[in-house]
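J.: Handing you this structure, nothing more for now.
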Amino acid sequence: MNFFIVMQGKTYEEAKLANIVWCSIYDNSGQTPHSWERMNEVRKGDVLFHYVKGDIIAISVAQEDAYEGENPAISSEEIGHMFQSAYEELSVPLNIKNHFESIQPLLPIKYSAFQQNGDGNQGYLYPCNEMLALKLLELIGDDNIYEENEEQLEFAIGMIAQKERNTLAPVLIETEAEAKVKIRKGQQKFKKQLAPLWNNQCALCGIELPALLRASHAKPWKDATDEERLDPYNGILLCSNHDVLYDQGYITFDGTGKIHISSEIESIDYVKFSIHDKMRVSRVEENKKYFKWHKRNIFKDNKNKREQD
Ligand SMILES: [Zn+2]
């Protein structure tokens, strides 16, 4: 199961009424933008978040694999990518900007549905990694799923009727569980294959206590393809201290395995973090492209610091 974010705007109502998602294949210049092409990737059981004017207003589950066909909602013979999808409208829409602080860190660097200011992007269908999906599901659940409360049920007949029709809760719960299992299994497999490559010890300080060891991705889950997520060369075994420093970009390694330490850490503090600027990890050739990606995209270098200042 994969997740997607679909940007629908004024086509939302007609698509929802017809229980479909439909998108043209060619734009005015005869090209197929990546966010239109992605419609091809949708498979039965995939879950979509429907974004309209600042809010996620529905989620849906694809009822079939995407195929090419006419849009039944409008009288046009244009062939597009489409599939049937079961819409569940939210009684309380999720406003992206209001929650952007918790959403922003989970956005991929490439092909993000949202801009850095929280606005939606112009395209049609965007990927949504499992970690971002879990956050969206959690926020949607907070506002849309209520604990059973006997007192409320006694007084509000209307609410009972609404509750009986409420098919959103099971979709949220099942989807969330499936995403969690996918992440957990992926992380376990990744660590199992990566740890022996680093002799089952922190590559920087040599800590061997298993409870303290983390398989740290160089190209993080949110930015990696399914294949890259499980590639044991896409990362490094680190203790929890060094894992957080690496994950947050306070340290990085170049193509040769040499450490680079962010200027956000004062050199007087290096000893507290058990780091020094002569450190080097014994990387192999296969690590190189991932290490370089981390240094380019995650490392908090001087340039970033200047921008923040
Ligand atoms: Zn360590």
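Lettering and numbering for the structure tokens are positional, with chains as A, B, ... in the shown order, residues counted from 1 in each chain, and ligands counted from 1 in the shown order.
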Please give the complete set of residues from range 59-137 of chain A that DSSP, run on the backbone, assigns to strand (DSSP E or B), formatted as JSON, numbers by chain.

T.: {"A": [59, 60, 61, 62, 67, 68, 69, 70, 79, 80, 81, 82, 83, 84, 85, 86, 87, 88, 89, 90, 91, 92, 93, 94, 95, 114, 120, 125, 126, 127, 128]}

J.: For ligand 1, list the contacting residues at 10 Å or closer, counting only C-alpha atoms and all ligand atoms, as number ranges by chain.

T.: A: 201-208, 212-214, 237-243, 245, 273-275

J.: Dump C-alpha atoms for the selected residues as a CSV table (one decimal), in the first residue's frame?

T.:
```
chain,number,residue,atom,x,y,z
A,201,GLN,CA,29.4,-1.1,16.7
A,202,CYS,CA,29.1,2.7,16.5
A,203,ALA,CA,31.2,3.8,13.5
A,204,LEU,CA,32.4,6.8,15.4
A,205,CYS,CA,32.9,5.8,19.1
A,206,GLY,CA,32.8,2.0,19.0
A,207,ILE,CA,29.9,1.6,21.4
A,208,GLU,CA,28.7,-2.0,21.1
A,212,LEU,CA,22.2,2.1,22.0
A,213,LEU,CA,22.8,1.3,18.4
A,214,ARG,CA,20.8,2.9,15.5
A,237,LEU,CA,25.5,2.3,12.4
A,238,LEU,CA,25.8,4.9,15.1
A,239,CYS,CA,25.1,5.1,18.9
A,240,SER,CA,22.0,7.1,19.8
A,241,ASN,CA,24.1,10.3,20.5
A,242,HIS,CA,25.8,10.2,17.1
A,243,ASP,CA,22.7,9.1,15.4
A,245,LEU,CA,23.8,14.4,15.4
A,273,PHE,CA,29.6,14.9,22.0
A,274,SER,CA,32.6,12.5,21.6
A,275,ILE,CA,33.5,13.9,18.2
```

J.: Under the rule that only C-alpha atoms are counted, which of A:Glu78, A:Glu286, A:Asp55, A:Glu178 is the nearest residue to Ile236 in chain A?

T.: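 Distance minimum relative to Ile236 in chain A lands on A:Glu286.
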
J.: Residues near His217 in chain A, anyone? I mean within 8 Å using only C-alpha atoms, not counting same-chain ones fewer than 6 positions away, as a list of chain:residue names.

T.: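 Listing them by chain and then by number gives A:Arg229, A:Asn234, A:Gly235, A:Ile236, A:Asp247.
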
J.: Could you give me, as a ChimeraX atom specification, the residues within 8 Å of Met131 in chain A, counting only C-alpha atoms and dropping anything in the same chain fewer than 4 positions from it?

T.: /A:106,135,179,222
